[in-house]
>>> print(open('start.cif').read())   # mmCIF, C-alpha atoms
data_final
#
loop_
_atom_site.group_PDB
_atom_site.id
_atom_site.type_symbol
_atom_site.label_atom_id
_atom_site.label_comp_id
_atom_site.auth_asym_id
_atom_site.auth_seq_id
_atom_site.Cartn_x
_atom_site.Cartn_y
_atom_site.Cartn_z
ATOM 1 C CA MET G 14 38.222 -37.152 -54.764
ATOM 2 C CA GLY G 15 35.808 -35.165 -52.637
ATOM 3 C CA PHE G 16 34.376 -35.555 -49.169
ATOM 4 C CA HIS G 17 30.619 -36.050 -49.023
ATOM 5 C CA LEU G 18 28.959 -36.790 -45.701
ATOM 6 C CA LEU G 19 25.313 -37.793 -45.615
ATOM 7 C CA PRO G 20 23.044 -35.956 -43.167
ATOM 8 C CA ARG G 21 22.953 -39.007 -40.900
ATOM 9 C CA ASP G 22 26.753 -39.116 -40.852
ATOM 10 C CA ARG G 23 26.868 -35.720 -39.143
ATOM 11 C CA ILE G 24 25.038 -37.326 -36.230
ATOM 12 C CA LEU G 25 26.759 -40.697 -36.421
ATOM 13 C CA LEU G 26 30.345 -39.438 -36.162
ATOM 14 C CA PRO G 27 29.995 -37.407 -32.953
ATOM 15 C CA GLY G 28 27.738 -40.149 -31.596
ATOM 16 C CA CYS G 29 30.505 -42.734 -32.041
ATOM 17 C CA LEU G 30 32.966 -40.430 -30.297
ATOM 18 C CA ILE G 31 30.561 -39.976 -27.388
ATOM 19 C CA VAL G 32 30.134 -43.766 -27.128
ATOM 20 C CA LEU G 33 33.909 -44.298 -27.138
ATOM 21 C CA VAL G 34 34.675 -41.756 -24.425
ATOM 22 C CA GLY G 35 31.541 -42.560 -22.423
ATOM 23 C CA LEU G 36 32.376 -46.263 -22.284
ATOM 24 C CA PHE G 37 35.895 -45.582 -21.108
ATOM 25 C CA VAL G 38 34.654 -43.340 -18.315
ATOM 26 C CA ALA G 39 31.968 -45.853 -17.358
ATOM 27 C CA VAL G 40 34.361 -48.797 -16.984
ATOM 28 C CA ALA G 41 36.586 -47.227 -14.359
ATOM 29 C CA PRO G 42 37.428 -49.790 -11.628
ATOM 30 C CA GLY G 43 34.535 -50.388 -9.253
ATOM 31 C CA ARG G 44 31.863 -48.835 -11.453
ATOM 32 C CA PRO G 45 28.784 -50.933 -12.337
ATOM 33 C CA LEU G 46 29.708 -51.342 -15.999
ATOM 34 C CA ALA G 47 33.161 -52.654 -15.073
ATOM 35 C CA LEU G 48 31.533 -55.217 -12.791
ATOM 36 C CA LEU G 49 29.120 -56.171 -15.585
ATOM 37 C CA ASP G 50 32.104 -56.655 -17.914
ATOM 38 C CA ALA G 51 33.664 -59.149 -15.506
ATOM 39 C CA ALA G 52 30.354 -60.949 -14.889
ATOM 40 C CA ALA G 53 29.749 -61.383 -18.625
ATOM 41 C CA LEU G 54 33.163 -62.963 -19.173
ATOM 42 C CA ASP G 55 32.700 -65.268 -16.193
ATOM 43 C CA TRP G 56 29.274 -66.359 -17.474
ATOM 44 C CA LEU G 57 30.678 -67.207 -20.919
ATOM 45 C CA GLY G 58 33.544 -69.144 -19.392
ATOM 46 C CA ASN G 59 31.139 -71.171 -17.262
ATOM 47 C CA HIS G 60 28.616 -71.914 -20.019
ATOM 48 C CA LEU G 61 30.704 -72.237 -23.190
ATOM 49 C CA HIS G 62 33.239 -75.033 -22.967
ATOM 50 C CA GLY G 63 34.088 -78.378 -24.501
ATOM 51 C CA LEU G 64 33.652 -78.527 -28.273
ATOM 52 C CA VAL G 65 32.062 -75.073 -28.472
ATOM 53 C CA GLY G 66 34.896 -73.541 -26.520
ATOM 54 C CA GLY G 67 37.468 -75.274 -28.716
ATOM 55 C CA VAL G 68 35.792 -74.004 -31.865
ATOM 56 C CA LEU G 69 35.651 -70.451 -30.541
ATOM 57 C CA THR G 70 39.323 -70.584 -29.601
ATOM 58 C CA GLN G 71 40.216 -71.669 -33.128
ATOM 59 C CA VAL G 72 37.991 -68.940 -34.584
ATOM 60 C CA TYR G 73 39.889 -66.339 -32.582
ATOM 61 C CA ARG G 74 43.224 -67.736 -33.730
ATOM 62 C CA ALA G 75 42.042 -67.923 -37.343
ATOM 63 C CA THR G 76 40.830 -64.334 -37.377
ATOM 64 C CA GLY G 77 44.060 -62.943 -35.999
ATOM 65 C CA VAL G 78 46.382 -60.506 -37.705
ATOM 66 C CA GLY G 79 47.971 -63.058 -40.045
ATOM 67 C CA PHE G 80 44.730 -64.476 -41.425
ATOM 68 C CA THR G 81 43.138 -61.065 -41.699
ATOM 69 C CA ALA G 82 46.143 -59.779 -43.632
ATOM 70 C CA VAL G 83 45.777 -62.653 -46.115
ATOM 71 C CA LEU G 84 42.046 -61.988 -46.426
ATOM 72 C CA VAL G 85 42.600 -58.276 -47.049
ATOM 73 C CA ALA G 86 45.354 -59.043 -49.576
ATOM 74 C CA MET G 87 43.013 -61.383 -51.483
ATOM 75 C CA ALA G 88 40.294 -58.733 -51.517
ATOM 76 C CA LEU G 89 42.744 -56.085 -52.738
ATOM 77 C CA LEU G 90 43.961 -58.428 -55.478
ATOM 78 C CA HIS G 91 40.376 -59.025 -56.591
ATOM 79 C CA LEU G 92 39.699 -55.293 -56.789
ATOM 80 C CA LEU G 93 42.964 -54.773 -58.637
ATOM 81 C CA ARG G 94 42.122 -57.420 -61.228
ATOM 82 C CA ARG G 95 38.688 -55.885 -61.705
ATOM 83 C CA ARG G 96 40.252 -52.425 -62.017
ATOM 84 C CA TRP G 97 37.851 -51.041 -59.445
ATOM 85 C CA TRP G 98 40.251 -48.270 -58.497
ATOM 86 C CA LYS G 99 37.878 -46.246 -56.362
ATOM 87 C CA ASP G 100 36.908 -49.340 -54.388
ATOM 88 C CA LEU G 101 40.566 -50.262 -54.022
ATOM 89 C CA ARG G 102 41.279 -46.882 -52.426
ATOM 90 C CA LEU G 103 38.329 -47.350 -50.082
ATOM 91 C CA LEU G 104 39.549 -50.735 -48.851
ATOM 92 C CA VAL G 105 43.152 -49.582 -48.404
ATOM 93 C CA MET G 106 41.994 -46.530 -46.473
ATOM 94 C CA ALA G 107 39.506 -48.490 -44.337
ATOM 95 C CA THR G 108 41.830 -51.346 -43.354
ATOM 96 C CA GLY G 109 45.080 -49.417 -43.099
ATOM 97 C CA GLY G 110 43.582 -46.460 -41.289
ATOM 98 C CA ILE G 111 41.812 -48.543 -38.670
ATOM 99 C CA LEU G 112 45.104 -50.192 -37.658
ATOM 100 C CA ILE G 113 46.740 -46.811 -37.156
ATOM 101 C CA LEU G 114 43.794 -45.396 -35.220
ATOM 102 C CA VAL G 115 43.422 -48.318 -32.839
ATOM 103 C CA ASP G 116 47.015 -49.436 -32.272
ATOM 104 C CA LEU G 117 48.842 -46.116 -32.430
ATOM 105 C CA VAL G 118 46.244 -43.633 -31.170
ATOM 106 C CA PHE G 119 43.431 -44.996 -29.031
ATOM 107 C CA LYS G 120 45.013 -47.977 -27.250
ATOM 108 C CA PRO G 121 48.028 -45.991 -25.978
ATOM 109 C CA LEU G 122 45.702 -43.130 -25.090
ATOM 110 C CA PHE G 123 43.312 -45.189 -22.949
ATOM 111 C CA SER G 124 45.800 -47.863 -21.725
ATOM 112 C CA ARG G 125 43.195 -50.266 -20.328
ATOM 113 C CA GLN G 126 44.478 -53.646 -19.183
ATOM 114 C CA ARG G 127 43.217 -56.858 -20.755
ATOM 115 C CA PRO G 128 41.007 -59.216 -18.715
ATOM 116 C CA PRO G 129 42.867 -61.571 -16.380
ATOM 117 C CA GLY G 130 42.961 -65.290 -17.127
ATOM 118 C CA SER G 131 43.230 -65.104 -20.911
ATOM 119 C CA LEU G 132 43.240 -68.518 -22.617
ATOM 120 C CA LEU G 133 45.915 -67.383 -25.083
ATOM 121 C CA PRO G 134 49.126 -65.370 -24.682
ATOM 122 C CA LEU G 135 48.299 -61.755 -25.477
ATOM 123 C CA ASP G 136 50.015 -58.432 -25.097
ATOM 124 C CA GLY G 137 49.147 -54.783 -25.613
ATOM 125 C CA HIS G 138 46.254 -52.756 -24.319
ATOM 126 C CA SER G 139 42.618 -53.728 -24.386
ATOM 127 C CA PHE G 140 40.492 -50.649 -25.139
ATOM 128 C CA PRO G 141 39.178 -50.354 -27.812
ATOM 129 C CA SER G 142 39.251 -53.782 -29.421
ATOM 130 C CA GLY G 143 41.224 -53.880 -32.659
ATOM 131 C CA HIS G 144 39.484 -57.160 -33.522
ATOM 132 C CA ALA G 145 36.088 -55.468 -33.325
ATOM 133 C CA ALA G 146 37.123 -52.271 -35.111
ATOM 134 C CA GLY G 147 38.949 -54.107 -37.882
ATOM 135 C CA ALA G 148 36.104 -56.543 -38.466
ATOM 136 C CA VAL G 149 33.558 -53.733 -38.809
ATOM 137 C CA ALA G 150 35.793 -51.691 -41.116
ATOM 138 C CA PHE G 151 36.817 -54.586 -43.379
ATOM 139 C CA TYR G 152 33.680 -56.705 -43.659
ATOM 140 C CA PHE G 153 31.265 -53.825 -44.073
ATOM 141 C CA ALA G 154 33.558 -52.025 -46.509
ATOM 142 C CA MET G 155 33.389 -55.194 -48.615
ATOM 143 C CA VAL G 156 29.589 -55.230 -48.256
ATOM 144 C CA VAL G 157 29.459 -51.674 -49.627
ATOM 145 C CA ILE G 158 31.913 -52.434 -52.448
ATOM 146 C CA LEU G 159 30.381 -55.708 -53.619
ATOM 147 C CA GLY G 160 26.844 -54.438 -53.032
ATOM 148 C CA SER G 161 27.496 -51.429 -55.266
ATOM 149 C CA HIS G 162 28.363 -53.778 -58.145
ATOM 150 C CA HIS G 163 25.850 -56.518 -57.307
ATOM 151 C CA PRO G 164 22.829 -54.792 -55.721
ATOM 152 C CA ARG G 165 20.848 -58.033 -55.337
ATOM 153 C CA LEU G 166 23.560 -59.421 -53.073
ATOM 154 C CA ARG G 167 23.629 -56.418 -50.764
ATOM 155 C CA ARG G 168 21.271 -57.848 -48.139
ATOM 156 C CA PRO G 169 22.755 -61.388 -48.053
ATOM 157 C CA LEU G 170 26.242 -59.884 -47.851
ATOM 158 C CA ALA G 171 25.207 -57.624 -44.975
ATOM 159 C CA MET G 172 23.703 -60.587 -43.113
ATOM 160 C CA LEU G 173 26.854 -62.635 -43.699
ATOM 161 C CA ALA G 174 29.022 -59.759 -42.463
ATOM 162 C CA CYS G 175 26.915 -59.434 -39.307
ATOM 163 C CA ALA G 176 27.237 -63.178 -38.658
ATOM 164 C CA LEU G 177 31.022 -63.113 -39.153
ATOM 165 C CA VAL G 178 31.481 -60.067 -36.942
ATOM 166 C CA GLY G 179 29.285 -61.636 -34.256
ATOM 167 C CA LEU G 180 31.313 -64.860 -34.356
ATOM 168 C CA VAL G 181 34.583 -62.933 -34.091
ATOM 169 C CA TRP G 182 33.228 -60.992 -31.129
ATOM 170 C CA LEU G 183 32.042 -64.123 -29.330
ATOM 171 C CA SER G 184 35.396 -65.843 -29.816
ATOM 172 C CA THR G 185 37.188 -62.747 -28.539
ATOM 173 C CA LEU G 186 35.130 -62.761 -25.350
ATOM 174 C CA TYR G 187 35.490 -66.503 -24.832
ATOM 175 C CA VAL G 188 39.300 -66.436 -24.853
ATOM 176 C CA ARG G 189 39.152 -63.372 -22.576
ATOM 177 C CA ALA G 190 41.118 -61.230 -24.995
ATOM 178 C CA HIS G 191 38.829 -58.251 -24.395
ATOM 179 C CA TRP G 192 36.118 -56.981 -22.117
ATOM 180 C CA PRO G 193 32.648 -56.662 -23.701
ATOM 181 C CA THR G 194 32.871 -52.877 -23.554
ATOM 182 C CA ASP G 195 36.145 -53.060 -25.510
ATOM 183 C CA LEU G 196 34.169 -54.589 -28.368
ATOM 184 C CA LEU G 197 31.480 -51.919 -28.240
ATOM 185 C CA ALA G 198 34.141 -49.216 -28.278
ATOM 186 C CA GLY G 199 35.929 -50.947 -31.155
ATOM 187 C CA ALA G 200 32.703 -51.122 -33.107
ATOM 188 C CA ALA G 201 32.187 -47.389 -32.560
ATOM 189 C CA VAL G 202 35.705 -46.647 -33.848
ATOM 190 C CA GLY G 203 35.288 -48.986 -36.826
ATOM 191 C CA LEU G 204 31.919 -47.525 -37.755
ATOM 192 C CA ALA G 205 33.149 -43.948 -37.446
ATOM 193 C CA TRP G 206 36.242 -44.596 -39.543
ATOM 194 C CA LEU G 207 34.262 -46.467 -42.202
ATOM 195 C CA THR G 208 31.859 -43.518 -42.354
ATOM 196 C CA VAL G 209 34.787 -41.165 -43.012
ATOM 197 C CA CYS G 210 36.157 -43.515 -45.685
ATOM 198 C CA LEU G 211 32.770 -43.724 -47.395
ATOM 199 C CA ALA G 212 32.557 -39.932 -47.438
ATOM 200 C CA PHE G 213 35.697 -39.930 -49.610
ATOM 201 C CA TRP G 214 34.467 -42.887 -51.715
ATOM 202 C CA ARG G 215 30.936 -41.637 -52.320
ATOM 203 C CA ASP G 216 30.138 -39.773 -55.543
ATOM 204 C CA PRO G 217 29.057 -36.138 -55.107
ATOM 205 C CA PRO G 218 25.360 -35.362 -55.548
ATOM 206 C CA PRO G 219 24.320 -34.396 -59.092
ATOM 207 C CA ALA G 220 25.050 -30.811 -60.082
ATOM 208 C CA ASP G 221 21.395 -30.075 -60.754
ATOM 209 C CA LEU G 222 20.471 -31.296 -57.289
ATOM 210 C CA GLN G 223 23.159 -29.101 -55.736
ATOM 211 C CA SER G 224 22.011 -26.069 -57.687
ATOM 212 C CA GLY G 225 18.393 -26.795 -56.869
ATOM 213 C CA THR G 226 19.244 -27.037 -53.181
ATOM 214 C CA ALA G 227 21.150 -23.779 -53.359
ATOM 215 C CA ARG G 228 18.232 -22.030 -55.059
ATOM 216 C CA SER G 229 15.787 -23.354 -52.475
ATOM 217 C CA LEU G 230 18.012 -22.063 -49.687
ATOM 218 C CA ARG G 231 18.146 -18.613 -51.290
ATOM 219 C CA SER G 232 14.446 -18.439 -52.014
ATOM 220 C CA PRO G 233 12.268 -16.601 -49.466
#
>>> encode(input="start.cif", output="structure tokens")
Amino acid sequence: MGFHLLPRDRILLPGCLIVLVGLFVAVAPGRPLALLDAAALDWLGNHLHGLVGGVLTQVYRATGVGFTAVLVAMALLHLLRRRWWKDLRLLVMATGGILILVDLVFKPLFSRQRPPGSLLPLDGHSFPSGHAAGAVAFYFAMVVILGSHHPRLRRPLAMLACALVGLVWLSTLYVRAHWPTDLLAGAAVGLAWLTVCLAFWRDPPPADLQSGTARSLRSP
């Protein structure tokens, strides 16, 4: 198992780190982005209620740790039955690693408080959002895995993943589990970690291409 970053990944990874740190600095109490965070949550609370609010609350509950664990277990079982060993390693690394990064590294490091007035009992720190990071890592890892075996489904799967992630994000904001910037930071962490996982999963470039590149670099 090698490690093969694409050229765009060498820009994406530091870019995600810059977004993560930049957002945390920008949401210090009293700064404009922190005020925008609070205004966005207040607007959602005032405009999404009744049946819509009830549905979003149930979506947040349904996409919690327990349901996600069942979903991941079902996906792992499917990959195991198919004997897609490389894909199995990718999913284990993507889903397990993101939990460690968010819950044991970044949340204790940044220690941001959750929004006041949450509709559900919550504990722990807020920044970055584990919901956002986990959704990006899991759903888009499955898009890559299933799309590699069924290329015609790649675009519909990507659209479905975007819709699911968007719904999870909206429900998270509605119940006031996270600030909007928590979600953006979580997405940056999820995307960066998935990029690292794909670098391990991806096949190396063909030997002739590598040798051709090396020759072109040596040529005057």
>>> resolve_selection(input="start.cif", expression="the PyMOL selection byres ((chain G and resi 191) around 7)", output="PyMOL selection string")
chain G and resi 127-128+139+142+185-186+189-190+192-193+195
>>> write_last_selection(input="start.cif", atoms="C-alpha atoms", output="mmCIF file, in the frame of the given file")
data_model
loop_
_atom_site.group_PDB
_atom_site.id
_atom_site.type_symbol
_atom_site.label_atom_id
_atom_site.label_comp_id
_atom_site.auth_asym_id
_atom_site.auth_seq_id
_atom_site.Cartn_x
_atom_site.Cartn_y
_atom_site.Cartn_z
ATOM 1 C CA ARG G 127 43.217 -56.858 -20.755
ATOM 2 C CA PRO G 128 41.007 -59.216 -18.715
ATOM 3 C CA SER G 139 42.618 -53.728 -24.386
ATOM 4 C CA SER G 142 39.251 -53.782 -29.421
ATOM 5 C CA THR G 185 37.188 -62.747 -28.539
ATOM 6 C CA LEU G 186 35.130 -62.761 -25.350
ATOM 7 C CA ARG G 189 39.152 -63.372 -22.576
ATOM 8 C CA ALA G 190 41.118 -61.230 -24.995
ATOM 9 C CA TRP G 192 36.118 -56.981 -22.117
ATOM 10 C CA PRO G 193 32.648 -56.662 -23.701
ATOM 11 C CA ASP G 195 36.145 -53.060 -25.510
#
>>> atom_distance(input="start.cif", atom1="CA of Leu170 in chain G", atom2="CA of Val72 in chain G")
19.9 Å
>>> resolve_selection(input="start.cif", expression="the PyMOL selection byres ((chain G and resi 43-53) around 12)", output="JSON, numbers by chain")
{"G": [35, 36, 37, 38, 39, 40, 41, 42, 54, 55, 56, 57, 58, 59, 60, 61, 125, 127, 128, 129, 130, 183, 186, 187, 189, 191, 192, 193, 194, 195, 196, 197]}
>>> write_last_selection(input="start.cif", atoms="C-alpha atoms", output="compact mmCIF listing (two decimals), in the frame of the given file")
# COMPACT_ATOMS: atom_id res chain seq x y z
CA GLY G 35 31.54 -42.56 -22.42
CA LEU G 36 32.38 -46.26 -22.28
CA PHE G 37 35.90 -45.58 -21.11
CA VAL G 38 34.65 -43.34 -18.32
CA ALA G 39 31.97 -45.85 -17.36
CA VAL G 40 34.36 -48.80 -16.98
CA ALA G 41 36.59 -47.23 -14.36
CA PRO G 42 37.43 -49.79 -11.63
CA LEU G 54 33.16 -62.96 -19.17
CA ASP G 55 32.70 -65.27 -16.19
CA TRP G 56 29.27 -66.36 -17.47
CA LEU G 57 30.68 -67.21 -20.92
CA GLY G 58 33.54 -69.14 -19.39
CA ASN G 59 31.14 -71.17 -17.26
CA HIS G 60 28.62 -71.91 -20.02
CA LEU G 61 30.70 -72.24 -23.19
CA ARG G 125 43.20 -50.27 -20.33
CA ARG G 127 43.22 -56.86 -20.76
CA PRO G 128 41.01 -59.22 -18.72
CA PRO G 129 42.87 -61.57 -16.38
CA GLY G 130 42.96 -65.29 -17.13
CA LEU G 183 32.04 -64.12 -29.33
CA LEU G 186 35.13 -62.76 -25.35
CA TYR G 187 35.49 -66.50 -24.83
CA ARG G 189 39.15 -63.37 -22.58
CA HIS G 191 38.83 -58.25 -24.40
CA TRP G 192 36.12 -56.98 -22.12
CA PRO G 193 32.65 -56.66 -23.70
CA THR G 194 32.87 -52.88 -23.55
CA ASP G 195 36.15 -53.06 -25.51
CA LEU G 196 34.17 -54.59 -28.37
CA LEU G 197 31.48 -51.92 -28.24
>>> residues_near_point(input="start.cif", point="(39.0, -49.2, -35.2)", cutoff="7 Å", atoms="all atoms listed in the file", output="count of residues only")
12
>>> atom_distance(input="start.cif", atom1="CA of Met155 in chain G", atom2="CA of Phe16 in chain G")
19.7 Å
>>> atom_distance(input="start.cif", atom1="CA of Ser184 in chain G", atom2="CA of Leu69 in chain G")
4.7 Å
>>> decode(input="start.cif", residues="range 24-47 of chain G", atoms="C-alpha atoms", output="PDB file, in the first residue's frame")
ATOM      1  CA  ILE G  24      -3.054  22.379  -2.684  1.00  0.00           C
ATOM      2  CA  LEU G  25      -6.210  20.991  -1.112  1.00  0.00           C
ATOM      3  CA  LEU G  26      -4.630  19.683   2.099  1.00  0.00           C
ATOM      4  CA  PRO G  27      -2.925  22.900   3.234  1.00  0.00           C
ATOM      5  CA  GLY G  28      -5.982  24.814   2.031  1.00  0.00           C
ATOM      6  CA  CYS G  29      -8.234  22.808   4.363  1.00  0.00           C
ATOM      7  CA  LEU G  30      -5.856  23.455   7.250  1.00  0.00           C
ATOM      8  CA  ILE G  31      -5.891  27.184   6.512  1.00  0.00           C
ATOM      9  CA  VAL G  32      -9.713  27.150   6.436  1.00  0.00           C
ATOM     10  CA  LEU G  33      -9.868  25.300   9.766  1.00  0.00           C
ATOM     11  CA  VAL G  34      -7.504  27.621  11.619  1.00  0.00           C
ATOM     12  CA  GLY G  35      -8.781  30.747   9.866  1.00  0.00           C
ATOM     13  CA  LEU G  36     -12.382  30.024  10.835  1.00  0.00           C
ATOM     14  CA  PHE G  37     -11.460  29.478  14.452  1.00  0.00           C
ATOM     15  CA  VAL G  38      -9.598  32.777  14.597  1.00  0.00           C
ATOM     16  CA  ALA G  39     -12.436  34.570  12.815  1.00  0.00           C
ATOM     17  CA  VAL G  40     -15.151  33.412  15.228  1.00  0.00           C
ATOM     18  CA  ALA G  41     -13.599  34.851  18.362  1.00  0.00           C
ATOM     19  CA  PRO G  42     -16.290  36.529  20.526  1.00  0.00           C
ATOM     20  CA  GLY G  43     -17.371  39.892  19.153  1.00  0.00           C
ATOM     21  CA  ARG G  44     -15.907  39.416  15.686  1.00  0.00           C
ATOM     22  CA  PRO G  45     -18.215  39.837  12.660  1.00  0.00           C
ATOM     23  CA  LEU G  46     -18.217  36.152  11.736  1.00  0.00           C
ATOM     24  CA  ALA G  47     -19.256  35.177  15.268  1.00  0.00           C
TER      25      ALA G  47
END
